[in-house]
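Everything on this sheet refers to the single structure shown next.
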Amino acid sequence: MASFAAIIYAILAALSAAFQIALANGAPWGILTLGGQFPGQLPRNMRLAALIQSAILFAMGGSVLAWAGFIGSWPLWTIWPTLAFTALTCLGNAVTPSRAERKIWLPVSGLMLLSALVVIAMA
């Protein structure tokens, strides 16, 4: 079960990272992030932030995969910041004023949080 949950987390993190990379490259999906305050393309500084966020998401996926035993040389302590960041992301998606963002990203971040908790508990 922990292996399956880790793979689910990693896939969702990679999909979220791909979304962030698309935003960084000018995709007009600003309504789906940052509370919808930038409909259309994100401003340049927010596009840079999206690129940084994509790197963080890939690292978080690696952290969960490492805890589940898929990656041997990854520092295991990184699971705790990953769990905290995932929980804060889920909370942010729950309270965002953007209905579109909440509709798409709350289920994704909620499943990521549940998956991370399963991996921590069972691996």
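Starting from 1 in every chain, residues are counted up; chains themselves are A, B, ... following the order of the structure tokens, and ligands are numbered from 1 as listed.
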
(request) Name all residues at most 9 Å from Leu117 of chain A (count only C-alpha atoms; drop same-chain ones fewer than 4 positions away) and give them as a PyMOL selection string. (result) chain A and resi 5+83+112-113+121-122

Save out the residues we just selected, all heavy atoms, as a short mmCIF file (atom, residue, chain, number, x, y, z; two decimals), in the first residue's frame.
data_model
loop_
_atom_site.label_atom_id
_atom_site.label_comp_id
_atom_site.auth_asym_id
_atom_site.auth_seq_id
_atom_site.Cartn_x
_atom_site.Cartn_y
_atom_site.Cartn_z
N ALA A 5 0.82 4.31 -2.78
CA ALA A 5 0.58 5.70 -2.35
C ALA A 5 1.74 6.61 -2.76
O ALA A 5 1.52 7.75 -3.17
CB ALA A 5 0.36 5.76 -0.84
N LEU A 83 5.69 16.85 3.96
CA LEU A 83 4.37 16.70 4.56
C LEU A 83 3.79 18.06 4.95
O LEU A 83 2.62 18.35 4.67
CB LEU A 83 4.43 15.77 5.77
CG LEU A 83 3.11 15.54 6.50
CD1 LEU A 83 2.09 14.87 5.59
CD2 LEU A 83 3.33 14.73 7.76
N MET A 112 -2.73 14.13 -2.56
CA MET A 112 -1.30 14.13 -2.26
C MET A 112 -1.07 14.04 -0.75
O MET A 112 -0.22 13.29 -0.29
CB MET A 112 -0.62 15.38 -2.84
CG MET A 112 -0.48 15.35 -4.34
SD MET A 112 0.18 16.89 -5.03
CE MET A 112 1.90 16.75 -4.53
N LEU A 113 -1.84 14.79 0.02
CA LEU A 113 -1.70 14.76 1.48
C LEU A 113 -2.04 13.37 2.02
O LEU A 113 -1.28 12.82 2.83
CB LEU A 113 -2.59 15.82 2.12
CG LEU A 113 -2.56 15.91 3.64
CD1 LEU A 113 -1.15 16.16 4.15
CD2 LEU A 113 -3.51 16.99 4.12
N ALA A 121 3.01 6.43 7.32
CA ALA A 121 2.48 5.47 8.29
C ALA A 121 2.86 4.03 7.97
O ALA A 121 3.03 3.22 8.88
CB ALA A 121 0.97 5.60 8.37
N MET A 122 2.99 3.70 6.70
CA MET A 122 3.13 2.30 6.32
C MET A 122 4.51 1.90 5.81
O MET A 122 4.78 0.70 5.73
CB MET A 122 2.08 1.95 5.28
CG MET A 122 0.67 2.16 5.77
SD MET A 122 -0.55 1.58 4.61
CE MET A 122 -0.56 -0.14 5.01
#

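For the choices A:Ala49, A:Ala100, A:Val108, A:Ala59, the atom-to-atom distance to Gly36 of chain A is smallest for A:Ala100 when using only C-alpha atoms.
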
(message) Which residues are near segment 12-26 of chain A? Cut-off 8 Å, only C-alpha atoms, ignore same chain within fewer than 4 positions. Put them as a ChimeraX atom specification.
(response) /A:8,30,41-42,46-51,53-55,57-58,60-61,108,112
